[in-house]
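> I am sharing protein_14.txt, which consists of compact mmCIF, C-alpha atoms:
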```txt
# COMPACT_ATOMS: atom_id res chain seq x y z
CA MET T 12 -106.86 218.54 4.13
CA THR T 13 -105.50 215.30 5.59
CA GLN T 14 -102.29 213.81 4.26
CA PHE T 15 -100.65 210.53 5.28
CA GLN T 16 -97.04 209.43 5.00
CA ILE T 17 -95.95 205.83 4.49
CA ARG T 18 -95.51 204.17 7.91
CA GLN T 19 -97.15 207.07 9.73
CA ILE T 20 -98.68 205.76 12.97
CA LEU T 21 -102.35 206.63 13.51
CA ARG T 22 -104.55 206.13 16.56
CA TYR T 23 -107.62 204.05 15.80
CA SER T 24 -110.63 203.22 17.97
CA ASN T 25 -114.26 203.14 16.94
CA ARG T 26 -115.11 204.15 20.51
CA ILE T 27 -113.24 207.44 20.32
CA GLY T 28 -115.09 208.96 17.37
CA PRO T 29 -113.98 211.63 14.90
CA GLU T 30 -114.23 214.70 17.17
CA ALA T 31 -110.63 214.82 18.49
CA ALA T 32 -107.90 215.61 15.97
CA GLU T 33 -105.31 213.78 18.07
CA VAL T 34 -105.47 210.97 20.62
CA ASP T 35 -102.49 210.01 22.77
CA GLY T 36 -100.33 212.38 20.75
CA LEU T 37 -101.15 210.67 17.44
CA VAL T 38 -103.42 211.64 14.55
CA ASN T 39 -106.92 210.26 15.14
CA TYR T 40 -107.68 208.11 12.10
CA LEU T 41 -111.45 208.64 12.35
CA HIS T 42 -110.97 212.41 12.49
CA ALA T 43 -108.52 212.40 9.59
CA THR T 44 -110.85 210.37 7.35
CA HIS T 45 -114.10 212.04 8.46
CA ARG T 46 -116.51 213.48 5.93
CA GLU T 47 -119.77 215.13 6.89
CA ASP T 48 -122.89 213.16 5.93
CA SER T 49 -120.81 210.07 5.08
CA PRO T 50 -120.47 206.83 7.08
CA ARG T 51 -117.22 206.35 8.98
CA ALA T 52 -114.38 204.68 7.09
CA LEU T 53 -114.04 201.90 9.66
CA LEU T 54 -111.32 199.24 9.78
CA GLU T 55 -113.07 196.56 11.80
CA ARG T 56 -112.19 193.72 9.44
CA GLY T 57 -109.32 192.75 7.20
CA ILE T 58 -111.11 193.88 4.03
CA ASN T 59 -113.29 196.96 4.52
CA PRO T 60 -115.19 198.18 1.42
CA ILE T 61 -116.57 201.69 1.80
CA ALA T 62 -120.22 201.50 0.78
CA ALA T 63 -120.91 202.17 -2.89
CA LEU T 64 -122.88 205.33 -3.70
CA LYS T 65 -124.91 206.49 -6.67
CA ALA T 66 -122.94 209.18 -8.49
CA PRO T 67 -124.15 211.10 -11.57
CA ASP T 68 -122.31 208.64 -13.82
CA GLY T 69 -123.36 205.46 -12.00
CA LEU T 70 -122.45 203.41 -8.93
CA ARG T 71 -119.05 204.17 -7.43
CA ARG T 72 -117.23 202.58 -4.51
CA PRO T 73 -114.97 205.26 -2.97
CA ALA T 74 -112.29 202.82 -1.78
CA ILE T 75 -111.56 199.42 -0.29
CA LEU T 76 -109.53 199.62 2.92
CA ILE T 77 -107.16 196.76 3.71
CA SER T 78 -106.10 196.13 7.31
CA SER T 79 -103.48 193.53 8.19
CA SER T 80 -102.82 192.41 11.76
CA PRO T 81 -99.33 190.86 12.08
CA HIS T 82 -99.86 190.08 15.78
CA ARG T 83 -102.83 187.86 14.87
CA VAL T 84 -100.96 185.75 12.32
CA GLY T 85 -101.25 182.11 13.29
CA SER T 86 -104.36 182.66 15.37
CA ALA T 87 -107.71 181.03 14.73
CA GLN T 88 -108.82 184.31 13.13
CA THR T 89 -105.77 184.70 10.86
CA PRO T 90 -103.94 181.42 10.21
CA TRP T 91 -101.93 182.86 7.29
CA HIS T 92 -99.25 185.42 6.60
CA ASP T 93 -99.60 188.64 4.59
CA VAL T 94 -96.48 190.15 3.01
CA PHE T 95 -95.98 193.92 3.03
CA ASP T 96 -93.03 195.12 0.93
CA THR T 97 -94.15 198.69 0.34
CA ASP T 98 -90.61 199.92 -0.38
CA ASN T 99 -90.70 197.76 -3.51
CA GLY T 100 -94.36 198.43 -4.26
CA HIS T 101 -95.77 194.99 -3.48
CA ILE T 102 -98.27 193.55 -1.00
CA ARG T 103 -99.45 189.94 -0.96
CA TYR T 104 -102.69 189.60 0.96
CA PHE T 105 -104.94 186.66 1.76
CA GLY T 106 -108.70 186.97 1.45
CA ASP T 107 -111.37 186.55 4.10
CA ALA T 108 -112.65 183.05 3.29
CA LYS T 109 -112.13 180.75 6.28
CA THR T 110 -114.78 178.04 6.20
CA PRO T 111 -114.20 174.62 4.58
CA GLY T 112 -116.76 173.71 1.92
CA GLU T 113 -117.86 177.28 1.17
CA ASP T 114 -117.35 179.24 -2.04
CA PRO T 115 -114.56 181.74 -1.24
CA ALA T 116 -115.93 184.20 -3.79
CA LYS T 117 -118.98 184.72 -1.56
CA ALA T 118 -116.98 185.94 1.43
CA PRO T 119 -117.81 189.68 1.63
CA GLY T 120 -114.23 190.94 1.38
CA ASN T 121 -113.32 188.61 -1.48
CA LYS T 122 -116.48 189.58 -3.31
CA ALA T 123 -115.59 193.28 -3.16
CA LEU T 124 -111.98 192.70 -4.24
CA LEU T 125 -112.94 190.39 -7.12
CA GLU T 126 -115.38 193.03 -8.38
CA ALA T 127 -112.63 195.63 -8.16
CA TYR T 128 -110.16 193.38 -9.98
CA ALA T 129 -112.53 192.98 -12.93
CA ILE T 130 -112.31 196.74 -13.50
CA HIS T 131 -108.61 197.07 -12.61
CA SER T 132 -107.77 194.59 -15.37
CA ALA T 133 -110.01 196.24 -17.97
CA ILE T 134 -108.41 197.06 -21.32
CA GLU T 135 -109.99 200.43 -22.06
CA PRO T 136 -109.14 203.59 -20.04
CA VAL T 137 -112.79 204.60 -19.95
CA GLU T 138 -113.54 201.37 -18.07
CA ARG T 139 -110.58 201.74 -15.69
CA GLU T 140 -111.70 205.26 -14.83
CA SER T 141 -114.30 203.79 -12.48
CA SER T 142 -111.70 201.66 -10.67
CA THR T 143 -111.80 201.48 -6.90
CA PRO T 144 -108.52 202.45 -5.17
CA ILE T 145 -107.21 200.03 -2.54
CA ILE T 146 -105.83 201.74 0.60
CA PHE T 147 -103.47 199.78 2.85
CA PHE T 148 -103.03 199.89 6.61
CA ARG T 149 -101.23 197.63 9.03
CA ARG T 150 -101.90 197.17 12.72
CA THR T 151 -98.87 197.89 14.86
CA THR T 152 -97.70 197.69 18.45
CA VAL T 153 -96.88 200.87 20.38
CA ASN T 154 -95.20 200.64 23.77
CA GLY T 155 -96.14 196.98 23.99
CA VAL T 156 -99.84 197.66 23.28
CA PRO T 157 -100.91 195.58 20.23
CA LYS T 158 -104.31 197.20 19.61
CA GLY T 159 -105.53 200.64 18.66
CA PHE T 160 -102.70 201.69 16.31
CA LEU T 161 -102.33 201.66 12.53
CA THR T 162 -99.54 202.43 10.10
CA PHE T 163 -100.42 203.80 6.69
CA GLN T 164 -98.95 201.60 3.94
CA GLY T 165 -99.96 203.39 0.74
CA TYR T 166 -102.52 202.86 -2.00
CA GLY T 167 -102.68 200.82 -5.15
CA VAL T 168 -104.38 198.38 -7.48
CA ILE T 169 -104.88 194.63 -7.75
CA GLU T 170 -102.22 193.16 -9.99
CA ARG T 171 -103.04 189.43 -9.76
CA VAL T 172 -105.58 187.14 -8.12
CA GLU T 173 -105.05 183.44 -7.42
CA ARG T 174 -107.46 180.89 -5.99
CA ILE T 175 -105.63 178.70 -3.49
CA THR T 176 -106.15 176.02 -0.87
CA GLN T 177 -105.07 176.81 2.68
CA PHE T 178 -104.74 174.59 5.71
CA ASP T 179 -105.64 175.77 9.19
CA PRO T 180 -103.63 173.60 11.63
CA ARG T 181 -105.80 174.70 14.54
CA LYS T 182 -108.97 173.42 12.89
CA GLY T 183 -107.26 170.55 11.12
CA ALA T 184 -109.07 171.39 7.91
CA SER T 185 -108.40 172.85 4.45
CA PHE T 186 -110.42 175.62 2.85
CA ALA T 187 -110.47 177.50 -0.45
CA ASN T 188 -109.50 181.15 -0.51
CA TYR T 189 -108.04 183.86 -2.73
CA VAL T 190 -104.64 185.54 -2.46
CA TYR T 191 -104.13 188.99 -3.97
CA ASP T 192 -100.97 190.62 -5.27
CA PHE T 193 -101.35 194.37 -4.95
CA ALA T 194 -99.15 196.91 -6.70
CA VAL T 195 -98.47 199.82 -4.35
CA LEU T 196 -98.32 202.92 -6.53
CA SER T 197 -95.91 205.81 -6.28
CA GLN T 198 -96.46 209.00 -4.27
CA SER T 199 -93.25 210.66 -5.44
CA ALA T 200 -95.06 213.38 -7.42
CA GLU T 201 -96.91 214.24 -4.19
CA HIS T 202 -93.67 214.37 -2.17
CA GLU T 203 -94.55 211.04 -0.52
CA LEU T 204 -97.84 212.39 0.87
CA PHE T 205 -101.21 210.72 0.29
CA ASP T 206 -104.13 213.16 0.24
CA TRP T 207 -107.29 211.68 1.78
CA GLY T 208 -109.20 214.49 0.07
CA TRP T 209 -109.19 212.31 -3.05
CA ILE T 210 -111.11 209.57 -1.25
CA ASN T 211 -113.52 212.13 0.22
CA ALA T 212 -114.10 213.51 -3.28
CA ARG T 213 -115.00 209.99 -4.35
CA ARG T 214 -117.45 209.87 -1.41
CA ASP T 215 -119.38 212.86 -2.80
CA SER T 216 -122.42 211.54 -4.65
CA LEU T 217 -122.82 214.84 -6.55
CA VAL T 218 -119.41 214.60 -8.24
CA GLU T 219 -118.73 212.56 -11.38
CA THR T 220 -115.92 210.04 -11.19
CA SER T 221 -113.93 211.79 -13.93
CA ALA T 222 -113.96 214.99 -11.85
CA THR T 223 -112.46 213.20 -8.84
CA LEU T 224 -109.33 212.36 -10.85
CA ALA T 225 -108.07 215.91 -10.36
CA ALA T 226 -107.46 215.04 -6.70
CA ALA T 227 -105.93 211.61 -7.46
CA PRO T 228 -102.17 210.92 -7.25
CA ALA T 229 -100.27 211.28 -10.52
CA ALA T 230 -99.37 207.56 -10.61
CA TRP T 231 -103.08 206.65 -10.36
CA ARG T 232 -103.93 208.93 -13.28
CA ASN T 233 -101.06 207.48 -15.30
CA TRP T 234 -102.27 203.94 -14.58
CA ILE T 235 -105.85 204.86 -15.58
CA ALA T 236 -104.57 206.17 -18.91
CA ALA T 237 -102.06 203.41 -19.73
CA GLY T 238 -103.39 200.32 -17.94
CA PRO T 239 -101.73 197.26 -16.35
CA SER T 240 -98.65 197.48 -18.58
CA SER T 241 -97.77 200.79 -16.90
CA ILE T 242 -97.58 199.33 -13.38
CA PRO T 243 -93.77 198.87 -13.41
CA ARG T 244 -93.15 202.58 -14.03
CA ASN T 245 -95.87 203.70 -11.61
CA ARG T 246 -94.97 201.27 -8.83
CA ARG T 247 -93.57 202.68 -5.61
CA HIS T 248 -89.82 202.30 -5.17
CA SER T 249 -88.16 203.84 -2.16
CA SER T 250 -84.65 205.21 -2.39
CA LYS T 251 -82.07 202.44 -2.27
CA LEU T 252 -79.76 204.78 -0.35
CA ARG T 253 -82.05 204.81 2.65
CA VAL T 254 -80.30 203.56 5.77
CA ILE T 255 -82.38 201.80 8.43
CA LYS T 256 -81.77 202.84 12.02
CA PRO T 257 -80.77 200.02 14.38
CA ARG T 258 -84.00 200.30 16.37
CA ASP T 259 -86.03 199.78 13.18
CA GLN T 260 -84.14 196.54 12.45
CA MET T 261 -85.22 195.04 15.75
CA PRO T 262 -88.65 193.98 17.03
CA GLU T 263 -90.89 196.41 18.91
CA PRO T 264 -90.38 196.12 22.69
CA GLY T 265 -93.00 193.79 24.14
CA SER T 266 -94.07 192.49 20.75
CA ARG T 267 -94.50 188.91 19.64
CA ASN T 268 -91.37 189.13 17.52
CA GLU T 269 -89.26 190.38 20.43
CA LYS T 270 -90.28 187.32 22.44
CA ILE T 271 -89.44 185.06 19.49
CA LEU T 272 -86.01 186.66 19.01
CA GLN T 273 -85.23 186.27 22.71
CA GLU T 274 -86.28 182.64 22.50
CA VAL T 275 -84.04 182.07 19.47
CA TYR T 276 -81.04 183.68 21.16
CA ALA T 277 -81.56 181.69 24.36
CA TYR T 278 -81.95 178.45 22.37
CA TYR T 279 -78.51 178.82 20.78
CA ASP T 280 -76.77 180.25 23.84
CA GLY T 281 -73.62 178.22 24.47
CA ARG T 282 -73.73 176.57 21.02
CA LYS T 283 -73.98 179.49 18.66
CA ASP T 284 -72.37 177.64 15.77
CA ARG T 285 -75.63 175.68 15.39
CA PHE T 286 -77.46 178.93 14.60
CA GLU T 287 -76.05 178.37 11.11
CA GLY T 288 -78.80 175.79 10.52
CA LEU T 289 -81.52 178.31 11.28
CA ALA T 290 -79.77 180.98 9.21
CA TYR T 291 -79.73 178.53 6.28
CA ALA T 292 -83.49 177.88 6.67
CA ILE T 293 -84.20 181.61 6.72
CA ALA T 294 -82.04 182.22 3.64
CA ARG T 295 -83.86 179.40 1.84
CA ARG T 296 -87.22 181.01 2.57
CA LEU T 297 -86.11 184.50 1.55
CA LEU T 298 -84.60 183.32 -1.73
CA SER T 299 -87.28 180.77 -2.67
CA GLY T 300 -90.11 182.01 -4.79
CA THR T 301 -88.09 184.93 -6.15
CA ALA T 302 -87.20 185.32 -9.82
CA GLY T 303 -84.77 182.48 -9.30
CA ARG T 304 -84.82 178.91 -7.98
CA PHE T 305 -83.14 178.00 -4.70
CA VAL T 306 -80.91 174.92 -4.97
CA GLU T 307 -80.08 173.11 -1.73
CA GLY T 308 -76.50 173.22 -0.53
CA TRP T 309 -74.78 172.45 2.76
CA ILE T 310 -73.54 173.80 6.07
CA THR T 311 -69.79 174.08 6.31
CA PRO T 312 -67.68 172.52 9.12
CA GLY T 313 -66.42 174.70 11.93
CA SER T 314 -62.92 175.00 10.45
CA GLY T 315 -61.46 174.98 6.99
CA ASP T 316 -64.65 176.45 5.53
CA GLY T 317 -63.06 179.49 3.90
CA GLY T 318 -65.16 181.76 6.06
CA ALA T 319 -68.59 180.59 4.89
CA ASP T 320 -71.16 179.20 7.30
CA PHE T 321 -73.39 177.73 4.59
CA ILE T 322 -73.42 177.39 0.81
CA ALA T 323 -76.38 177.16 -1.56
CA ARG T 324 -77.20 178.17 -5.12
CA LEU T 325 -79.66 180.49 -6.84
CA ASP T 326 -80.56 179.68 -10.45
CA ILE T 327 -81.99 182.46 -12.62
CA GLY T 328 -83.55 181.58 -15.95
CA GLN T 329 -83.81 178.21 -17.69
CA GLY T 330 -81.94 176.16 -20.25
CA PHE T 331 -78.44 176.78 -21.54
CA GLY T 332 -78.67 180.51 -20.82
CA ALA T 333 -79.52 180.13 -17.13
CA VAL T 334 -77.38 181.95 -14.58
CA ARG T 335 -76.12 180.03 -11.55
CA GLN T 336 -75.13 182.11 -8.54
CA ILE T 337 -73.40 180.76 -5.46
CA VAL T 338 -75.09 181.80 -2.23
CA TYR T 339 -72.37 182.46 0.34
CA GLY T 340 -73.96 182.51 3.79
CA GLN T 341 -72.82 183.97 7.09
CA ALA T 342 -74.59 183.52 10.44
CA LYS T 343 -73.96 185.61 13.55
CA CYS T 344 -75.83 184.77 16.74
CA VAL T 345 -75.02 187.67 19.05
CA ALA T 346 -76.92 189.49 21.79
CA PRO T 347 -79.71 191.58 20.24
CA THR T 348 -78.16 194.69 21.78
CA SER T 349 -74.66 194.13 20.37
CA GLY T 350 -74.80 194.99 16.70
CA VAL T 351 -72.76 193.41 13.90
CA ASP T 352 -69.11 194.37 13.70
CA GLY T 353 -68.18 196.02 10.40
CA LYS T 354 -65.20 193.66 10.20
CA ASP T 355 -67.59 190.70 9.86
CA ILE T 356 -69.25 192.26 6.82
CA ALA T 357 -65.87 193.22 5.38
CA ARG T 358 -64.65 189.63 5.67
CA THR T 359 -67.79 188.39 3.94
CA VAL T 360 -67.48 190.88 1.09
CA ALA T 361 -63.76 190.11 0.67
CA ARG T 362 -64.54 186.45 -0.03
CA LEU T 363 -67.25 187.05 -2.62
CA LYS T 364 -66.21 186.19 -6.15
CA ARG T 365 -67.83 187.06 -9.46
CA GLY T 366 -71.23 185.43 -9.61
CA TRP T 367 -71.46 184.96 -5.83
CA PHE T 368 -74.25 186.35 -3.70
CA GLY T 369 -73.85 186.98 0.04
CA VAL T 370 -76.44 186.47 2.78
CA PHE T 371 -75.66 187.66 6.31
CA VAL T 372 -78.14 186.57 9.00
CA THR T 373 -77.91 187.89 12.55
CA THR T 374 -79.98 188.05 15.72
CA SER T 375 -78.86 191.66 16.09
CA TYR T 376 -78.69 194.73 13.83
CA PHE T 377 -76.38 196.33 11.27
CA SER T 378 -74.89 199.72 12.09
CA GLU T 379 -75.53 202.66 9.82
CA PRO T 380 -71.89 202.80 8.61
CA VAL T 381 -72.07 199.10 7.70
CA GLN T 382 -75.24 199.65 5.70
CA ARG T 383 -73.83 202.70 3.92
CA GLU T 384 -70.76 200.74 2.89
CA VAL T 385 -72.83 197.87 1.50
CA ILE T 386 -75.20 200.23 -0.33
CA GLU T 387 -72.73 202.76 -1.68
CA ASP T 388 -70.26 200.12 -2.86
CA GLU T 389 -73.12 198.02 -4.28
CA TYR T 390 -72.03 194.83 -2.59
CA PRO T 391 -74.31 191.87 -3.45
CA VAL T 392 -75.11 191.05 0.17
CA LEU T 393 -78.56 190.45 1.66
CA LEU T 394 -78.62 191.74 5.25
CA VAL T 395 -81.06 189.93 7.55
CA SER T 396 -81.46 191.57 10.97
CA GLY T 397 -83.18 190.51 14.20
CA GLU T 398 -86.69 191.63 13.21
CA ALA T 399 -86.50 189.62 9.97
CA VAL T 400 -85.12 186.60 11.84
CA ALA T 401 -88.03 186.65 14.28
CA GLU T 402 -90.64 187.15 11.55
CA ASN T 403 -89.25 184.37 9.38
CA VAL T 404 -88.97 181.97 12.31
CA PHE T 405 -92.61 182.59 13.12
CA VAL T 406 -93.75 182.00 9.54
CA LEU T 407 -91.58 178.92 9.06
CA ALA T 408 -92.86 177.40 12.31
CA GLU T 409 -96.46 178.06 11.27
CA GLU T 410 -95.96 176.65 7.79
CA ALA T 411 -94.39 173.50 9.22
CA GLY T 412 -97.27 173.04 11.66
CA HIS T 413 -95.28 173.40 14.89
CA ASP T 414 -97.18 174.42 18.01
CA SER T 415 -94.23 176.28 19.52
CA ILE T 416 -91.06 178.06 18.48
CA THR T 417 -88.96 175.62 20.49
CA SER T 418 -90.48 172.67 18.65
CA PHE T 419 -89.55 174.27 15.33
CA LEU T 420 -86.00 175.07 16.46
CA ASP T 421 -85.61 171.47 17.64
CA ALA T 422 -86.65 170.24 14.18
CA VAL T 423 -84.15 172.56 12.46
CA ASP T 424 -81.38 171.56 14.85
CA ALA T 425 -82.07 167.85 14.29
CA GLN T 426 -81.03 168.30 10.65
CA PHE T 427 -77.92 170.34 11.41
CA ASP T 428 -75.28 167.59 11.60
CA GLY T 429 -76.65 165.81 8.55
CA MET T 430 -76.31 168.98 6.45
CA LYS T 431 -72.59 169.41 7.13
CA ALA T 432 -70.17 168.87 4.27
CA ARG T 433 -66.53 169.78 3.63
CA ARG T 434 -66.70 170.91 0.01
CA ARG T 435 -65.46 173.79 -2.08
CA PRO T 436 -68.22 176.36 -2.78
CA GLU T 437 -67.66 176.04 -6.55
CA GLU T 438 -68.74 172.41 -6.44
CA ILE T 439 -72.38 173.42 -6.11
CA LEU T 440 -72.27 174.86 -9.64
CA HIS T 441 -72.00 171.34 -11.04
CA GLY T 442 -74.81 169.75 -9.08
```
Do you think you could lay out the structure here as structure tokens?

Amino acid sequence: MTQFQIRQILRYSNRIGPEAAEVDGLVNYLHATHREDSPRALLERGINPIAALKAPDGLRRPAILISSSPHRVGSAQTPWHDVFDTDNGHIRYFGDAKTPGEDPAKAPGNKALLEAYAIHSAIEPVERESSTPIIFFRRTTVNGVPKGFLTFQGYGVIERVERITQFDPRKGASFANYVYDFAVLSQSAEHELFDWGWINARRDSLVETSATLAAAPAAWRNWIAAGPSSIPRNRRHSSKLRVIKPRDQMPEPGSRNEKILQEVYAYYDGRKDRFEGLAYAIARRLLSGTAGRFVEGWITPGSGDGGADFIARLDIGQGFGAVRQIVYGQAKCVAPTSGVDGKDIARTVARLKRGWFGVFVTTSYFSEPVQREVIEDEYPVLLVSGEAVAENVFVLAEEAGHDSITSFLDAVDAQFDGMKARRRPEEILHG
């Protein structure tokens, strides 16, 4: 019986084969997912449907395997950005259409996912019983090597599908595609372990689909019975008391993001106050598109700012009952090896008033005691560490069409002086 944990690193190579249980000290994915007399569950593309088989109760696709490659984002093969937020049970994933003028529904991966979505959104439980589970993996870098390693990211269903237009700056052309919002379902009843035996049961052509449900996770069975309305209570939510180790807040050594973070730190070396402009841009991206609406604010002067580095506003709801929250921003450009001093967080928290929301952006990491204090005391502060800075800089540069990180940083810095204003934070409530 093979069981996977969220973020477990697996070794993957179609040249190794399923014979060895471990390769380079890691679980061999092809061994772990092997089933006699069944084709290999390969991950050679972004969307990998396991071939449908004829079961006693009709055609059944055992699973659709999703593979995301963060190190390829922005390349000619992957000019878009997938979002993996498995701790909050959400993945946003772009389909495999890439060619201008072609019907995106005919791309093989999109076709399989659209077929799955039609059943996932069915009203009757008897229809949902034949649903295809979606299994998520993400390519990762190990010891500076960007290929041959996967992290398991859970399983789930398709919550929403949207047809969109994307622009590939490298080709200078737009194309139609689909973007999928997946709900990552809970594994809490299984003690956070995913049993691949369920998928292998679905790969057995002699077994009826209803019989395979005995091996399915409890959240999957609950969703089959109750339908889309049950997703909120079956969605995966990790413990909010979990503290992230400093090394996990920083980019992998030798990775693309480590190079970006080093470039950011070097860019602001000797003029670290101007990092506030980049911190503002990152906060804008993180808070835009949430349940609220980001309202533009300003960057504060170097003195007499009451401790804030930037001010903005987050509006939640509409009309007379809408809630307006002041975004109180702090930026700390320090060496990636330094860590954020707990006194900096304490000063930020001390200045927060009722209805204010803190954002602390740094090129470094937050110590475990700092995190515990923020979590246990329920301070409304969003902590943005070096890994998140690098990832957001990369995405923002791509979205703005810049051909280099330096070009993007230059563009942000060019707006810095014009965004300065000496105003009281409360003034943004009346804008």
> So that each row is one residue of segment 92-156 of chain T with an atom at most 6 Å from segment 245-265 of chain T, can you give its shortest atom pair and the distance in Å to one decimal, using all atoms listed in the file, rows by chain and rising number, as CSV?

```
residue,atom,partner,partner_atom,distance
T:Asp98,CA,T:Ser249,CA,5.0
T:Asn99,CA,T:His248,CA,4.9
T:Gly100,CA,T:Arg247,CA,4.5
T:Gly155,CA,T:Gly265,CA,4.5
```
> Between segment 245-348 of chain T and segment 362-383 of chain T, at 8 Å or less, what are the per-residue closest atom pairs and their distances in Å? Count all atoms listed in the file, order by chain and rising residue number, and return it as a Markdown table.

```
| residue | atom | partner | partner_atom | distance |
| --- | --- | --- | --- | --- |
| T:Leu252 | CA | T:Arg383 | CA | 7.6 |
| T:Val254 | CA | T:Glu379 | CA | 6.3 |
| T:Ile255 | CA | T:Glu379 | CA | 7.0 |
| T:Lys256 | CA | T:Glu379 | CA | 6.6 |
| T:Pro257 | CA | T:Tyr376 | CA | 5.7 |
| T:Gln260 | CA | T:Tyr376 | CA | 5.9 |
| T:Met261 | CA | T:Tyr376 | CA | 6.8 |
| T:Leu272 | CA | T:Thr374 | CA | 7.0 |
| T:Tyr276 | CA | T:Thr374 | CA | 7.1 |
| T:Ala290 | CA | T:Val372 | CA | 5.8 |
| T:Ala294 | CA | T:Val370 | CA | 7.1 |
| T:Gly318 | CA | T:Arg362 | CA | 7.7 |
| T:Arg335 | CA | T:Gly366 | CA | 7.5 |
| T:Gln336 | CA | T:Gly366 | CA | 5.2 |
| T:Ile337 | CA | T:Trp367 | CA | 4.6 |
| T:Val338 | CA | T:Phe368 | CA | 4.9 |
| T:Tyr339 | CA | T:Gly369 | CA | 4.8 |
| T:Gly340 | CA | T:Val370 | CA | 4.8 |
| T:Gln341 | CA | T:Phe371 | CA | 4.7 |
| T:Ala342 | CA | T:Val372 | CA | 4.9 |
| T:Lys343 | CA | T:Thr373 | CA | 4.7 |
| T:Cys344 | CA | T:Thr374 | CA | 5.4 |
| T:Val345 | CA | T:Thr374 | CA | 6.0 |
| T:Ala346 | CA | T:Ser375 | CA | 6.4 |
| T:Pro347 | CA | T:Ser375 | CA | 4.2 |
| T:Thr348 | CA | T:Ser375 | CA | 6.5 |
```
> Is there a way to get, as a PDB file with C-alpha atoms, keeping the file's coordinate frame, all residues within 9 Å of the point (-113.3, 177.8, 6.6) in file coordinates, counting all atoms listed in the file?

```pdb
ATOM      1  CA  ALA T 108    -112.650 183.050   3.290  1.00  0.00           C
ATOM      2  CA  LYS T 109    -112.130 180.750   6.280  1.00  0.00           C
ATOM      3  CA  THR T 110    -114.780 178.040   6.200  1.00  0.00           C
ATOM      4  CA  PRO T 111    -114.200 174.620   4.580  1.00  0.00           C
ATOM      5  CA  GLY T 112    -116.760 173.710   1.920  1.00  0.00           C
ATOM      6  CA  GLU T 113    -117.860 177.280   1.170  1.00  0.00           C
ATOM      7  CA  PRO T 115    -114.560 181.740  -1.240  1.00  0.00           C
ATOM      8  CA  ASP T 179    -105.640 175.770   9.190  1.00  0.00           C
ATOM      9  CA  LYS T 182    -108.970 173.420  12.890  1.00  0.00           C
ATOM     10  CA  ALA T 184    -109.070 171.390   7.910  1.00  0.00           C
ATOM     11  CA  SER T 185    -108.400 172.850   4.450  1.00  0.00           C
ATOM     12  CA  PHE T 186    -110.420 175.620   2.850  1.00  0.00           C
ATOM     13  CA  ALA T 187    -110.470 177.500  -0.450  1.00  0.00           C
ATOM     14  CA  ASN T 188    -109.500 181.150  -0.510  1.00  0.00           C
TER      15      ASN T 188
END
```
> When you draw a straight line from atom CA of Gly238 of chain T to atom CA of His92 of chain T, how long is it in Å?
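If I compute the distance from atom CA of Gly238 of chain T to atom CA of His92 of chain T, I get 29.0 Å.
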> Could you jot down the atom CA of Pro50 of chain T to atom CA of Arg214 of chain T separation for me, Å, one decimal place?
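Between these atoms lies a distance of 9.5 Å.
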> Could you list, as a PDB file with C-alpha atoms, in the coordinates of the input, every residue within 10 Å of Arg150 of chain T, counting only C-alpha atoms and ignoring same-chain residues fewer than 5 positions away?

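Resulting contents of result_24.pdb:
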```
ATOM      1  CA  ILE T  20     -98.680 205.760  12.970  1.00  0.00           C
ATOM      2  CA  LEU T  21    -102.350 206.630  13.510  1.00  0.00           C
ATOM      3  CA  TYR T  23    -107.620 204.050  15.800  1.00  0.00           C
ATOM      4  CA  SER T  78    -106.100 196.130   7.310  1.00  0.00           C
ATOM      5  CA  SER T  79    -103.480 193.530   8.190  1.00  0.00           C
ATOM      6  CA  SER T  80    -102.820 192.410  11.760  1.00  0.00           C
ATOM      7  CA  PRO T  81     -99.330 190.860  12.080  1.00  0.00           C
ATOM      8  CA  HIS T  82     -99.860 190.080  15.780  1.00  0.00           C
ATOM      9  CA  ARG T  83    -102.830 187.860  14.870  1.00  0.00           C
ATOM     10  CA  PRO T 157    -100.910 195.580  20.230  1.00  0.00           C
ATOM     11  CA  LYS T 158    -104.310 197.200  19.610  1.00  0.00           C
ATOM     12  CA  GLY T 159    -105.530 200.640  18.660  1.00  0.00           C
ATOM     13  CA  PHE T 160    -102.700 201.690  16.310  1.00  0.00           C
ATOM     14  CA  LEU T 161    -102.330 201.660  12.530  1.00  0.00           C
ATOM     15  CA  THR T 162     -99.540 202.430  10.100  1.00  0.00           C
ATOM     16  CA  PHE T 163    -100.420 203.800   6.690  1.00  0.00           C
TER      17      PHE T 163
END
```
> Which residue out of T:Arg46, T:Lys117, T:Arg296, T:Arg56 has the minimum interatomic distance to Tyr189 of chain T when only C-alpha atoms are used?
T:Lys117
> Please list as a compact mmCIF listing (two decimals) with C-alpha atoms, in the frame of the given file every residue within 10 Å of Glu384 of chain T, counting only C-alpha atoms and excluding residues in the same chain fewer than 6 positions away.

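Generated output (selection.txt):
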```
# COMPACT_ATOMS: atom_id res chain seq x y z
CA GLY T 353 -68.18 196.02 10.40
CA ILE T 356 -69.25 192.26 6.82
CA ALA T 357 -65.87 193.22 5.38
CA TYR T 390 -72.03 194.83 -2.59
```
> I'd like to know which of T:Ala66, T:Ile235, T:Ile17, T:Ala292 is closest to Gln164 of chain T, using all atoms listed in the file.
T:Ile17
> Taking all atoms listed in the file into account, name the residue in T:Phe178, T:Phe148, T:Tyr191, T:Tyr128 that is nearest to Gly106 of chain T.
T:Tyr191
> Compile the contact shell of segment 199-205 of chain T as number ranges by chain: residues with an atom at most 9 Å away, counting all atoms listed in the file, same-chain residues fewer than 3 positions apart removed.
T: 13-17, 165-166, 208-209, 228-230, 247
